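Have a look at the structure below, then the notes.
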Amino acid sequence: MLVHGMAGNYTRWELFDVRPRLAEHTTVYAMDRRGHAESGDADEYALEREFEDVAAVVDSIDDPVHLFGYSHGGLCALEAALRTDNLRSLIVYEPAGPWEILHLYSEEIDEELEALVEDGENEQALMLFLREVVELPESQIEELQAAPSWSARVDEAHTLPREYRAPTTYEFEPDRFADMTTPTLLVVGGESPQWAKDATNEINDALSNSRISVLEGQGHVAMNTAPDLFIDEVLAFVQKFQ
């Protein structure tokens with residue numbers, strides 16, 4: 001089951017045929033997090049509900065699941081793993097949190113995102129997020145803009161302020177994961193920002209059955225920039241636990 005990050009939805013897995021190519025080997029579910037694409041929303045938002053959402057979808061699947069979470073979805077998947085017994089394995093690609101480790105949060109960026117969204121400037125908010133928070137190179141942003149899913153990303157940019165802000169309330173407590181034995185692969189790009197490497201190392205230290213895979217020459221969106229490498233890495237891991 002695939003869990004997307006911020007500024008995206010289930011269609012991000014259609015880029016470069018990631019979902020279809022994975023589906024050649026296993027059944028693939030791609031969920032929409034709340035407020036994105038086909039999923040509903042609520043008047044009030046809390047990060048904890050996102051964790052519960054992912055666990056609920058996992059529990060709705062008959063067979064044990066290989067759970068993959070990317071960026072914000074990676075944090076949701078990591079926490080969902082504590083809330084379900086229906087997992088075969090867990091893969092987390094550069095989780096967007098915990099903020100106290102990453103030092104990513106900026107009140108100035110938060111206020112600017114909020115103001116842009118309130119003014120209906122969704123695309124500008126999205127560009128700000130990709131440049132200043134994710135730190136994507138302009139070449140990778142241009143690739144995202146050229147993809148069919150760009151318009152959906154713009155439409156859903158209203159979720160950016162709350163999702164950017166939410167991890168400030170999240171405290172990573174390594175002891176909570178001490179008894180988690182789910183086989184876990186932590187994926188990080190060799191060229192990714194330091195925050196991604198720091199988060200990956202911190203989480204790896206907290207888990208008893210995990211390892212880190214470094215995608216050399218890649219950054220935060222290897223599924224776009226090196227889909228063959230990304231797919232091979234995911235499949236090689238999950239096929240050990242089929």
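Residues are referred to by chain and number: the chain letter is A, B, ... according to the order shown in the structure tokens, the number counts from 1 in that chain, and ligands are numbered separately from 1 in the order shown.
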
Pick out each residue of stretch 33-204 of chain A that DSSP on the backbone tags as helix (DSSP H, G or I); I need them as a PyMOL selection string. chain A and resi 47-59+72-80+99-102+107-118+122-133+138-146+150-155+157-169+174-177+194-204

Strand (DSSP E) call set, DSSP backbone run, stretch 7-231 of chain A, as a PyMOL selection string: chain A and resi 30-31+65-70+87-93+184-189+210-215

Env of stretch 34-38 of chain A: 12 Å cut, atoms = only C-alpha atoms, seq-sep filter 3 positions within chain, self excluded. Answer as a ChimeraX atom specification. /A:3-12,30-31,41-54,57,73,76,149,151-160,162-163

Write the residues of the preceding selection, restricted to C-alpha atoms, as a PDB file, in the first residue's frame.
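Produced file again_20.pdb, reproduced below:
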```pdb
ATOM      1  CA  VAL A   3       0.957   6.533   1.002  1.00  0.00           C
ATOM      2  CA  HIS A   4       1.768   9.812  -0.754  1.00  0.00           C
ATOM      3  CA  GLY A   5       3.417  12.883   0.737  1.00  0.00           C
ATOM      4  CA  MET A   6       2.394  16.522   0.928  1.00  0.00           C
ATOM      5  CA  ALA A   7       1.255  18.338  -2.206  1.00  0.00           C
ATOM      6  CA  GLY A   8       0.156  15.128  -3.903  1.00  0.00           C
ATOM      7  CA  ASN A   9      -2.366  12.308  -4.067  1.00  0.00           C
ATOM      8  CA  TYR A  10      -2.670   8.753  -5.368  1.00  0.00           C
ATOM      9  CA  THR A  11      -1.951   9.883  -8.935  1.00  0.00           C
ATOM     10  CA  ARG A  12       1.676  10.645  -8.073  1.00  0.00           C
ATOM     11  CA  ALA A  30      -2.681   3.665  -3.391  1.00  0.00           C
ATOM     12  CA  MET A  31      -4.588   5.616  -0.760  1.00  0.00           C
ATOM     13  CA  ASP A  41     -11.982  15.927   4.964  1.00  0.00           C
ATOM     14  CA  ALA A  42     -13.057  17.331   8.318  1.00  0.00           C
ATOM     15  CA  ASP A  43     -13.430  20.807   9.738  1.00  0.00           C
ATOM     16  CA  GLU A  44     -10.648  20.152  12.213  1.00  0.00           C
ATOM     17  CA  TYR A  45      -7.285  18.595  11.406  1.00  0.00           C
ATOM     18  CA  ALA A  46      -4.934  16.621  13.626  1.00  0.00           C
ATOM     19  CA  LEU A  47      -1.841  14.664  12.630  1.00  0.00           C
ATOM     20  CA  GLU A  48      -2.915  11.795  14.882  1.00  0.00           C
ATOM     21  CA  ARG A  49      -5.999  11.254  12.682  1.00  0.00           C
ATOM     22  CA  GLU A  50      -3.696  10.774   9.695  1.00  0.00           C
ATOM     23  CA  PHE A  51      -1.864   7.987  11.523  1.00  0.00           C
ATOM     24  CA  GLU A  52      -5.174   6.344  12.320  1.00  0.00           C
ATOM     25  CA  ASP A  53      -6.369   6.740   8.717  1.00  0.00           C
ATOM     26  CA  VAL A  54      -3.416   4.796   7.344  1.00  0.00           C
ATOM     27  CA  VAL A  57      -6.895   1.320   5.478  1.00  0.00           C
ATOM     28  CA  GLY A  73       3.194   9.891   4.244  1.00  0.00           C
ATOM     29  CA  CYS A  76       2.106   8.595   8.822  1.00  0.00           C
ATOM     30  CA  SER A 149      -0.746  15.538 -11.914  1.00  0.00           C
ATOM     31  CA  SER A 151      -3.024  20.640 -11.640  1.00  0.00           C
ATOM     32  CA  ALA A 152      -4.194  18.285  -8.878  1.00  0.00           C
ATOM     33  CA  ARG A 153      -1.215  19.289  -6.750  1.00  0.00           C
ATOM     34  CA  VAL A 154      -2.205  22.939  -7.206  1.00  0.00           C
ATOM     35  CA  ASP A 155      -5.859  22.225  -6.367  1.00  0.00           C
ATOM     36  CA  GLU A 156      -4.860  20.501  -3.119  1.00  0.00           C
ATOM     37  CA  ALA A 157      -2.356  23.142  -2.001  1.00  0.00           C
ATOM     38  CA  HIS A 158      -4.870  24.274   0.635  1.00  0.00           C
ATOM     39  CA  THR A 159      -3.646  21.289   2.697  1.00  0.00           C
ATOM     40  CA  LEU A 160      -0.054  22.556   2.748  1.00  0.00           C
ATOM     41  CA  ARG A 162      -1.829  22.493   8.070  1.00  0.00           C
ATOM     42  CA  GLU A 163       0.402  19.593   7.046  1.00  0.00           C
TER      43      GLU A 163
END
```

So what do you get for atom CA of A:His220 versus atom CA of A:Asp119, distance-wise? 28.8 Å

Can you pull out every residue within 6 Å of A:Ser89, counting only C-alpha atoms, but drop anything in the same chain fewer than 5 positions away, and send it as a PyMOL selection string? chain A and resi 66+182-184

A:Met127, A:Ser213, A:Glu135, A:Ile109 ranked by distance to A:Trp150, top pick (using only C-alpha atoms): A:Met127

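Residue nearest A:Val221, chosen from A:Glu79, A:Glu143, A:Asp62, A:Glu108 and counting only C-alpha atoms: A:Glu143.
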